[in-house]
Amino acid sequence: MHIHSALSPCGDNDMTPNNIVNMALLKGLDIIAVTDHNSCGNAGAVIRAAEDRLLVIPGLEVESSEEVHIVCYFPTLEAAECMEKEVKGALSAVKNRPEIFGDQLYMDENDEIIGTEEKLLVSATALSVYDIFGLAQKFGGIAVPAHIDRTSYSIISNLGFIPPDISAPALEITDSGREKLMPDYPGRIILTNSDAHYLENIAERKYYLDLPRKNAQTVVDFLCINNQNIFL
Ligand SMILES: [Zn+2]
Ligand SMILES: [Zn+2]
């Protein structure tokens, strides 16, 4: 539930909507989320490419003013786009230099390139961690601190702790840190995702959500609820 498409400059250009969907199916996944840096611009194309073969949650990985990465999931593409509008407005006007950072490609559901993003997407926004949690909630979504065990761009590395006054019922921990860190966060849902930037990094099915229905609203609702040890 944390995959970058070719829109992220650090994402491989082979991360096209159909390649992502087909690789996810090959890996046995039922649910994925497309979470490009500060944008949901390719989420719709991946949703359409998947048709009814795979649930694709629209999302984005927002970088806060404190350089903390937070993945945000939404029940609908429209809600994700409302979030993106706020995030884009808070993004610095620095232009992408593809030769340094990589291409930022918009694609359709046939993997045709339909445009490029001019603004550099991999940079901090003017939104604080608090702003991002507030906005995600405002648009009916859920904010999840990303890869909290990494030594950069994580809430723990940059703030030192999870502020007690934000409601963060779900956290993302990498596969290597999961076992060691899970006991430190009782009562929270722990997501472990590939954060894939290349097709070969899309993970095989290893963890699962026990959901009553397979749709984006149900996933968002589930992540909002404080259920200990339900995600295994
Ligand atoms: Zn990240
Ligand atoms: Zn990421």
# chains A, B, ... in the order shown; residues from 1 in each chain; ligands from 1
call {"tool": "residues_around", "arguments": {"residues": "Arg205 of chain A", "least_positions_apart": "4", "cutoff": "7 Å", "atoms": "only C-alpha atoms", "output": "PyMOL selection string"}}
result
chain A and resi 27-29
call {"tool": "closest_atom_pairs", "arguments": {"of": "chain A", "to": "ligand 1", "cutoff": "10 Å", "atoms": "only C-alpha atoms and all ligand atoms", "output": "Markdown table"}}
result
| residue | atom | partner | partner_atom_place_in_ligand_line | distance |
| --- | --- | --- | --- | --- |
| A:His2 | CA | ligand 1 | 1 (Zn) | 9.0 |
| A:His4 | CA | ligand 1 | 1 (Zn) | 9.7 |
| A:Thr35 | CA | ligand 1 | 1 (Zn) | 9.4 |
| A:Asp36 | CA | ligand 1 | 1 (Zn) | 9.2 |
| A:His37 | CA | ligand 1 | 1 (Zn) | 7.8 |
| A:Glu61 | CA | ligand 1 | 1 (Zn) | 6.8 |
| A:Val62 | CA | ligand 1 | 1 (Zn) | 8.4 |
| A:Glu63 | CA | ligand 1 | 1 (Zn) | 7.9 |
| A:Glu67 | CA | ligand 1 | 1 (Zn) | 9.6 |
| A:Val68 | CA | ligand 1 | 1 (Zn) | 8.0 |
| A:His69 | CA | ligand 1 | 1 (Zn) | 5.0 |
| A:Ile70 | CA | ligand 1 | 1 (Zn) | 7.4 |
| A:Val71 | CA | ligand 1 | 1 (Zn) | 8.0 |
| A:Val122 | CA | ligand 1 | 1 (Zn) | 9.5 |
| A:Pro145 | CA | ligand 1 | 1 (Zn) | 9.2 |
| A:Ala146 | CA | ligand 1 | 1 (Zn) | 6.1 |
| A:His147 | CA | ligand 1 | 1 (Zn) | 6.7 |
| A:Ile148 | CA | ligand 1 | 1 (Zn) | 9.3 |
| A:Arg150 | CA | ligand 1 | 1 (Zn) | 9.0 |
| A:Ser152 | CA | ligand 1 | 1 (Zn) | 8.7 |
| A:Tyr153 | CA | ligand 1 | 1 (Zn) | 6.3 |
| A:Ser154 | CA | ligand 1 | 1 (Zn) | 7.5 |
| A:Asp195 | CA | ligand 1 | 1 (Zn) | 7.3 |
call {"tool": "residues_around", "arguments": {"residues": "Glu51 of chain A", "least_positions_apart": "3", "cutoff": "12 Å", "atoms": "only C-alpha atoms", "output": "short mmCIF file (atom, residue, chain, number, x, y, z; two decimals) with N, CA and C atoms, in the first residue's frame"}}
result
data_model
loop_
_atom_site.label_atom_id
_atom_site.label_comp_id
_atom_site.auth_asym_id
_atom_site.auth_seq_id
_atom_site.Cartn_x
_atom_site.Cartn_y
_atom_site.Cartn_z
N PRO A 17 1.07 2.43 -15.26
CA PRO A 17 -0.15 1.87 -14.65
C PRO A 17 -0.31 0.37 -14.88
N ASN A 18 -0.16 -0.07 -16.12
CA ASN A 18 -0.36 -1.51 -16.39
C ASN A 18 0.75 -2.38 -15.82
N VAL A 21 0.01 -2.74 -12.08
CA VAL A 21 -1.13 -3.64 -11.85
C VAL A 21 -0.73 -5.09 -12.12
N ASN A 22 -0.08 -5.32 -13.24
CA ASN A 22 0.25 -6.70 -13.60
C ASN A 22 1.27 -7.31 -12.64
N GLY A 44 -5.51 7.71 -10.75
CA GLY A 44 -6.70 7.41 -11.56
C GLY A 44 -6.39 6.45 -12.69
N ALA A 45 -5.24 6.64 -13.33
CA ALA A 45 -4.86 5.77 -14.44
C ALA A 45 -4.62 4.34 -13.95
N VAL A 46 -4.02 4.20 -12.77
CA VAL A 46 -3.78 2.86 -12.22
C VAL A 46 -5.12 2.21 -11.83
N ILE A 47 -6.00 3.00 -11.26
CA ILE A 47 -7.34 2.48 -10.89
C ILE A 47 -8.04 1.98 -12.15
N ARG A 48 -7.98 2.76 -13.23
CA ARG A 48 -8.66 2.36 -14.47
C ARG A 48 -7.97 1.16 -15.11
N LEU A 54 -8.13 -5.72 -9.17
CA LEU A 54 -7.27 -5.36 -8.04
C LEU A 54 -7.85 -4.08 -7.45
N LEU A 55 -7.89 -4.00 -6.12
CA LEU A 55 -8.32 -2.74 -5.50
C LEU A 55 -7.13 -1.79 -5.41
N VAL A 56 -7.27 -0.62 -5.98
CA VAL A 56 -6.21 0.40 -5.95
C VAL A 56 -6.72 1.57 -5.12
N GLU A 109 -4.38 5.16 -18.74
CA GLU A 109 -4.55 3.75 -18.40
C GLU A 109 -4.02 2.82 -19.48
#
call {"tool": "atom_distance", "arguments": {"atom1": "atom CA of Ile3 of chain A", "atom2": "atom CA of Asn193 of chain A"}}
result
8.2 Å
call {"tool": "closest_residue", "arguments": {"among": "A:Ile166, A:Val87, A:Gly11, A:Gly41", "to": "ligand 2", "atoms": "only C-alpha atoms and all ligand atoms"}}
result
A:Gly11
call {"tool": "select_by_dssp", "arguments": {"residues": "segment 63-183 of chain A", "states": "helix (DSSP H, G or I)", "output": "PyMOL selection string"}}
result
chain A and resi 77-89+98-101+129-138+155-159+175-183
call {"tool": "residues_around", "arguments": {"residues": "Met23 of chain A", "least_positions_apart": "6", "cutoff": "9 Å", "atoms": "only C-alpha atoms", "output": "list of chain:residue names"}}
result
A:Leu29, A:Leu199, A:Glu200, A:Ile202
call {"tool": "residues_around", "arguments": {"residues": "Asp103 of chain A", "least_positions_apart": "2", "cutoff": "10 Å", "atoms": "only C-alpha atoms", "output": "PyMOL selection string"}}
result
chain A and resi 6-13+96-101+105-106+116-118+120
call {"tool": "select_by_dssp", "arguments": {"residues": "segment 47-210 of chain A", "states": "strand (DSSP E or B)", "output": "ChimeraX atom specification"}}
result
/A:55-63,69-73,91,95,105-107,113-116,119,125,142-145,170-172,189-191,196
call {"tool": "write_last_selection", "arguments": {"atoms": "C-alpha atoms", "output": "PDB file, in the first residue's frame"}}
result
ATOM      1  CA  LEU A  55      -8.322  -2.740  -5.497  1.00  0.00           C
ATOM      2  CA  VAL A  56      -6.212   0.397  -5.949  1.00  0.00           C
ATOM      3  CA  ILE A  57      -6.416   2.938  -3.134  1.00  0.00           C
ATOM      4  CA  PRO A  58      -5.793   6.527  -4.266  1.00  0.00           C
ATOM      5  CA  GLY A  59      -3.190   8.233  -2.152  1.00  0.00           C
ATOM      6  CA  LEU A  60      -0.108  10.366  -1.998  1.00  0.00           C
ATOM      7  CA  GLU A  61       3.035  10.519   0.107  1.00  0.00           C
ATOM      8  CA  VAL A  62       3.185  14.033   1.454  1.00  0.00           C
ATOM      9  CA  GLU A  63       6.437  15.554   2.716  1.00  0.00           C
ATOM     10  CA  HIS A  69       6.959  11.522   4.925  1.00  0.00           C
ATOM     11  CA  ILE A  70       3.294  10.749   5.542  1.00  0.00           C
ATOM     12  CA  VAL A  71       1.259   8.470   3.281  1.00  0.00           C
ATOM     13  CA  CYS A  72      -2.356   9.547   2.972  1.00  0.00           C
ATOM     14  CA  TYR A  73      -5.130   7.250   1.752  1.00  0.00           C
ATOM     15  CA  LEU A  91       4.971  22.915  -2.577  1.00  0.00           C
ATOM     16  CA  LYS A  95      11.330  23.111 -11.157  1.00  0.00           C
ATOM     17  CA  LEU A 105       5.515  11.387 -16.138  1.00  0.00           C
ATOM     18  CA  TYR A 106       1.748  11.554 -16.211  1.00  0.00           C
ATOM     19  CA  MET A 107       0.278   8.481 -17.899  1.00  0.00           C
ATOM     20  CA  ILE A 113       2.594   9.496 -21.552  1.00  0.00           C
ATOM     21  CA  ILE A 114       0.099  12.345 -21.425  1.00  0.00           C
ATOM     22  CA  GLY A 115       2.264  14.993 -19.800  1.00  0.00           C
ATOM     23  CA  THR A 116       5.066  15.824 -17.428  1.00  0.00           C
ATOM     24  CA  LYS A 119       7.344  21.309 -10.329  1.00  0.00           C
ATOM     25  CA  THR A 125       5.862  21.303   1.496  1.00  0.00           C
ATOM     26  CA  ILE A 142      -6.298   8.844   6.812  1.00  0.00           C
ATOM     27  CA  ALA A 143      -2.697   9.933   7.328  1.00  0.00           C
ATOM     28  CA  VAL A 144      -0.116   7.286   8.180  1.00  0.00           C
ATOM     29  CA  PRO A 145       3.457   8.225   9.150  1.00  0.00           C
ATOM     30  CA  ALA A 170      -1.851   3.395  11.916  1.00  0.00           C
ATOM     31  CA  LEU A 171       1.902   3.491  11.335  1.00  0.00           C
ATOM     32  CA  GLU A 172       4.104   2.173   8.565  1.00  0.00           C
ATOM     33  CA  ILE A 189      -2.295  -0.849  13.199  1.00  0.00           C
ATOM     34  CA  ILE A 190       1.105  -1.554  11.662  1.00  0.00           C
ATOM     35  CA  LEU A 191       1.389  -1.436   7.894  1.00  0.00           C
ATOM     36  CA  ALA A 196       8.430   0.242  -4.398  1.00  0.00           C
TER      37      ALA A 196
END
call {"tool": "atom_distance", "arguments": {"atom1": "atom CA of Pro183 of chain A", "atom2": "atom CA of Asn158 of chain A"}}
result
21.1 Å
call {"tool": "atom_distance", "arguments": {"atom1": "atom CA of Asp165 of chain A", "atom2": "atom CA of Phe133 of chain A"}}
result
10.9 Å
call {"tool": "decode", "arguments": {"residues": "segment 39-175 of chain A", "atoms": "C-alpha atoms", "output": "mmCIF file, in the first residue's frame"}}
result
data_model
loop_
_atom_site.group_PDB
_atom_site.id
_atom_site.type_symbol
_atom_site.label_atom_id
_atom_site.label_comp_id
_atom_site.auth_asym_id
_atom_site.auth_seq_id
_atom_site.Cartn_x
_atom_site.Cartn_y
_atom_site.Cartn_z
ATOM 1 C CA SER A 39 0.814 13.980 -5.978
ATOM 2 C CA CYS A 40 -1.971 11.557 -6.863
ATOM 3 C CA GLY A 41 -1.704 12.398 -10.566
ATOM 4 C CA ASN A 42 -1.357 8.808 -11.803
ATOM 5 C CA ALA A 43 -3.666 7.146 -9.281
ATOM 6 C CA GLY A 44 -6.702 7.409 -11.556
ATOM 7 C CA ALA A 45 -4.857 5.765 -14.445
ATOM 8 C CA VAL A 46 -3.783 2.858 -12.217
ATOM 9 C CA ILE A 47 -7.337 2.480 -10.893
ATOM 10 C CA ARG A 48 -8.661 2.357 -14.466
ATOM 11 C CA ALA A 49 -5.918 -0.030 -15.608
ATOM 12 C CA ALA A 50 -6.770 -2.382 -12.745
ATOM 13 C CA GLU A 51 -10.484 -2.453 -13.598
ATOM 14 C CA ASP A 52 -11.972 -4.944 -11.134
ATOM 15 C CA ARG A 53 -8.907 -7.179 -10.937
ATOM 16 C CA LEU A 54 -7.273 -5.358 -8.044
ATOM 17 C CA LEU A 55 -8.322 -2.740 -5.497
ATOM 18 C CA VAL A 56 -6.212 0.397 -5.949
ATOM 19 C CA ILE A 57 -6.416 2.938 -3.134
ATOM 20 C CA PRO A 58 -5.793 6.527 -4.266
ATOM 21 C CA GLY A 59 -3.190 8.233 -2.152
ATOM 22 C CA LEU A 60 -0.108 10.366 -1.998
ATOM 23 C CA GLU A 61 3.035 10.519 0.107
ATOM 24 C CA VAL A 62 3.185 14.033 1.454
ATOM 25 C CA GLU A 63 6.437 15.554 2.716
ATOM 26 C CA SER A 64 5.895 17.896 5.636
ATOM 27 C CA SER A 65 7.778 21.088 6.411
ATOM 28 C CA GLU A 66 9.781 19.010 8.918
ATOM 29 C CA GLU A 67 10.748 16.650 6.034
ATOM 30 C CA VAL A 68 8.587 13.875 7.436
ATOM 31 C CA HIS A 69 6.959 11.522 4.925
ATOM 32 C CA ILE A 70 3.294 10.749 5.542
ATOM 33 C CA VAL A 71 1.259 8.470 3.281
ATOM 34 C CA CYS A 72 -2.356 9.547 2.972
ATOM 35 C CA TYR A 73 -5.130 7.250 1.752
ATOM 36 C CA PHE A 74 -8.541 8.331 0.507
ATOM 37 C CA PRO A 75 -11.857 6.619 -0.173
ATOM 38 C CA THR A 76 -12.196 8.239 -3.610
ATOM 39 C CA LEU A 77 -9.976 9.752 -6.266
ATOM 40 C CA GLU A 78 -11.873 13.033 -5.892
ATOM 41 C CA ALA A 79 -10.974 13.217 -2.206
ATOM 42 C CA ALA A 80 -7.324 12.487 -3.005
ATOM 43 C CA GLU A 81 -7.378 15.267 -5.587
ATOM 44 C CA CYS A 82 -8.716 17.733 -3.003
ATOM 45 C CA MET A 83 -5.724 16.822 -0.821
ATOM 46 C CA GLU A 84 -3.352 17.119 -3.760
ATOM 47 C CA LYS A 85 -4.598 20.635 -4.465
ATOM 48 C CA GLU A 86 -3.635 21.718 -0.940
ATOM 49 C CA VAL A 87 -0.305 19.908 -1.141
ATOM 50 C CA LYS A 88 0.612 21.344 -4.550
ATOM 51 C CA GLY A 89 -0.248 24.818 -3.312
ATOM 52 C CA ALA A 90 2.172 24.315 -0.434
ATOM 53 C CA LEU A 91 4.971 22.915 -2.577
ATOM 54 C CA SER A 92 7.930 25.135 -3.439
ATOM 55 C CA ALA A 93 8.098 26.433 -7.005
ATOM 56 C CA VAL A 94 11.408 24.669 -7.697
ATOM 57 C CA LYS A 95 11.330 23.111 -11.157
ATOM 58 C CA ASN A 96 12.245 19.518 -11.770
ATOM 59 C CA ARG A 97 15.530 18.869 -13.543
ATOM 60 C CA PRO A 98 14.919 15.448 -15.075
ATOM 61 C CA GLU A 99 18.607 14.891 -15.813
ATOM 62 C CA ILE A 100 19.296 15.095 -12.069
ATOM 63 C CA PHE A 101 16.117 13.929 -10.328
ATOM 64 C CA GLY A 102 14.420 11.827 -13.010
ATOM 65 C CA ASP A 103 11.305 12.168 -15.145
ATOM 66 C CA GLN A 104 7.910 13.016 -13.688
ATOM 67 C CA LEU A 105 5.515 11.387 -16.138
ATOM 68 C CA TYR A 106 1.748 11.554 -16.211
ATOM 69 C CA MET A 107 0.278 8.481 -17.899
ATOM 70 C CA ASP A 108 -3.113 7.220 -18.941
ATOM 71 C CA GLU A 109 -4.546 3.747 -18.399
ATOM 72 C CA ASN A 110 -2.935 2.587 -21.668
ATOM 73 C CA ASP A 111 0.518 3.575 -20.397
ATOM 74 C CA GLU A 112 0.691 6.474 -22.854
ATOM 75 C CA ILE A 113 2.594 9.496 -21.552
ATOM 76 C CA ILE A 114 0.099 12.345 -21.425
ATOM 77 C CA GLY A 115 2.264 14.993 -19.800
ATOM 78 C CA THR A 116 5.066 15.824 -17.428
ATOM 79 C CA GLU A 117 5.015 17.579 -14.069
ATOM 80 C CA GLU A 118 7.163 20.711 -14.075
ATOM 81 C CA LYS A 119 7.344 21.309 -10.329
ATOM 82 C CA LEU A 120 9.825 19.137 -8.469
ATOM 83 C CA LEU A 121 7.679 16.731 -6.492
ATOM 84 C CA VAL A 122 10.377 15.479 -4.129
ATOM 85 C CA SER A 123 10.644 18.408 -1.787
ATOM 86 C CA ALA A 124 9.201 19.523 1.510
ATOM 87 C CA THR A 125 5.862 21.303 1.496
ATOM 88 C CA ALA A 126 4.992 24.195 3.785
ATOM 89 C CA LEU A 127 2.518 21.907 5.569
ATOM 90 C CA SER A 128 3.398 20.760 9.074
ATOM 91 C CA VAL A 129 2.756 17.227 10.277
ATOM 92 C CA TYR A 130 -0.292 18.627 12.081
ATOM 93 C CA ASP A 131 -1.548 20.309 8.877
ATOM 94 C CA ILE A 132 -1.258 17.043 6.920
ATOM 95 C CA PHE A 133 -3.158 15.027 9.510
ATOM 96 C CA GLY A 134 -5.826 17.717 9.655
ATOM 97 C CA LEU A 135 -6.223 17.963 5.878
ATOM 98 C CA ALA A 136 -6.332 14.200 5.347
ATOM 99 C CA GLN A 137 -9.105 13.981 7.917
ATOM 100 C CA LYS A 138 -10.935 16.949 6.407
ATOM 101 C CA PHE A 139 -11.122 15.174 3.052
ATOM 102 C CA GLY A 140 -12.257 11.887 4.572
ATOM 103 C CA GLY A 141 -8.886 10.158 4.401
ATOM 104 C CA ILE A 142 -6.298 8.844 6.812
ATOM 105 C CA ALA A 143 -2.697 9.933 7.328
ATOM 106 C CA VAL A 144 -0.116 7.286 8.180
ATOM 107 C CA PRO A 145 3.457 8.225 9.150
ATOM 108 C CA ALA A 146 5.638 6.465 6.567
ATOM 109 C CA HIS A 147 8.627 4.169 7.183
ATOM 110 C CA ILE A 148 8.936 5.395 10.782
ATOM 111 C CA ASP A 149 12.015 3.248 11.400
ATOM 112 C CA ARG A 150 14.088 4.830 8.625
ATOM 113 C CA THR A 151 16.850 7.212 9.589
ATOM 114 C CA SER A 152 15.653 9.962 7.259
ATOM 115 C CA TYR A 153 12.325 11.451 6.207
ATOM 116 C CA SER A 154 10.535 9.715 9.046
ATOM 117 C CA ILE A 155 8.563 11.085 11.970
ATOM 118 C CA ILE A 156 10.847 9.365 14.488
ATOM 119 C CA SER A 157 14.111 10.417 12.839
ATOM 120 C CA ASN A 158 13.020 14.017 12.365
ATOM 121 C CA LEU A 159 10.758 14.763 15.341
ATOM 122 C CA GLY A 160 12.099 12.128 17.729
ATOM 123 C CA PHE A 161 8.631 10.851 18.640
ATOM 124 C CA ILE A 162 5.034 10.687 17.512
ATOM 125 C CA PRO A 163 3.370 13.789 18.921
ATOM 126 C CA PRO A 164 0.819 12.541 21.467
ATOM 127 C CA ASP A 165 -1.743 15.105 20.334
ATOM 128 C CA ILE A 166 -2.089 13.711 16.820
ATOM 129 C CA SER A 167 -4.294 10.725 16.248
ATOM 130 C CA ALA A 168 -2.166 8.225 14.366
ATOM 131 C CA PRO A 169 -3.989 4.915 14.671
ATOM 132 C CA ALA A 170 -1.851 3.395 11.916
ATOM 133 C CA LEU A 171 1.902 3.491 11.335
ATOM 134 C CA GLU A 172 4.104 2.173 8.565
ATOM 135 C CA ILE A 173 7.190 0.192 9.585
ATOM 136 C CA THR A 174 9.553 -1.414 7.092
ATOM 137 C CA ASP A 175 9.810 -5.178 6.877
#
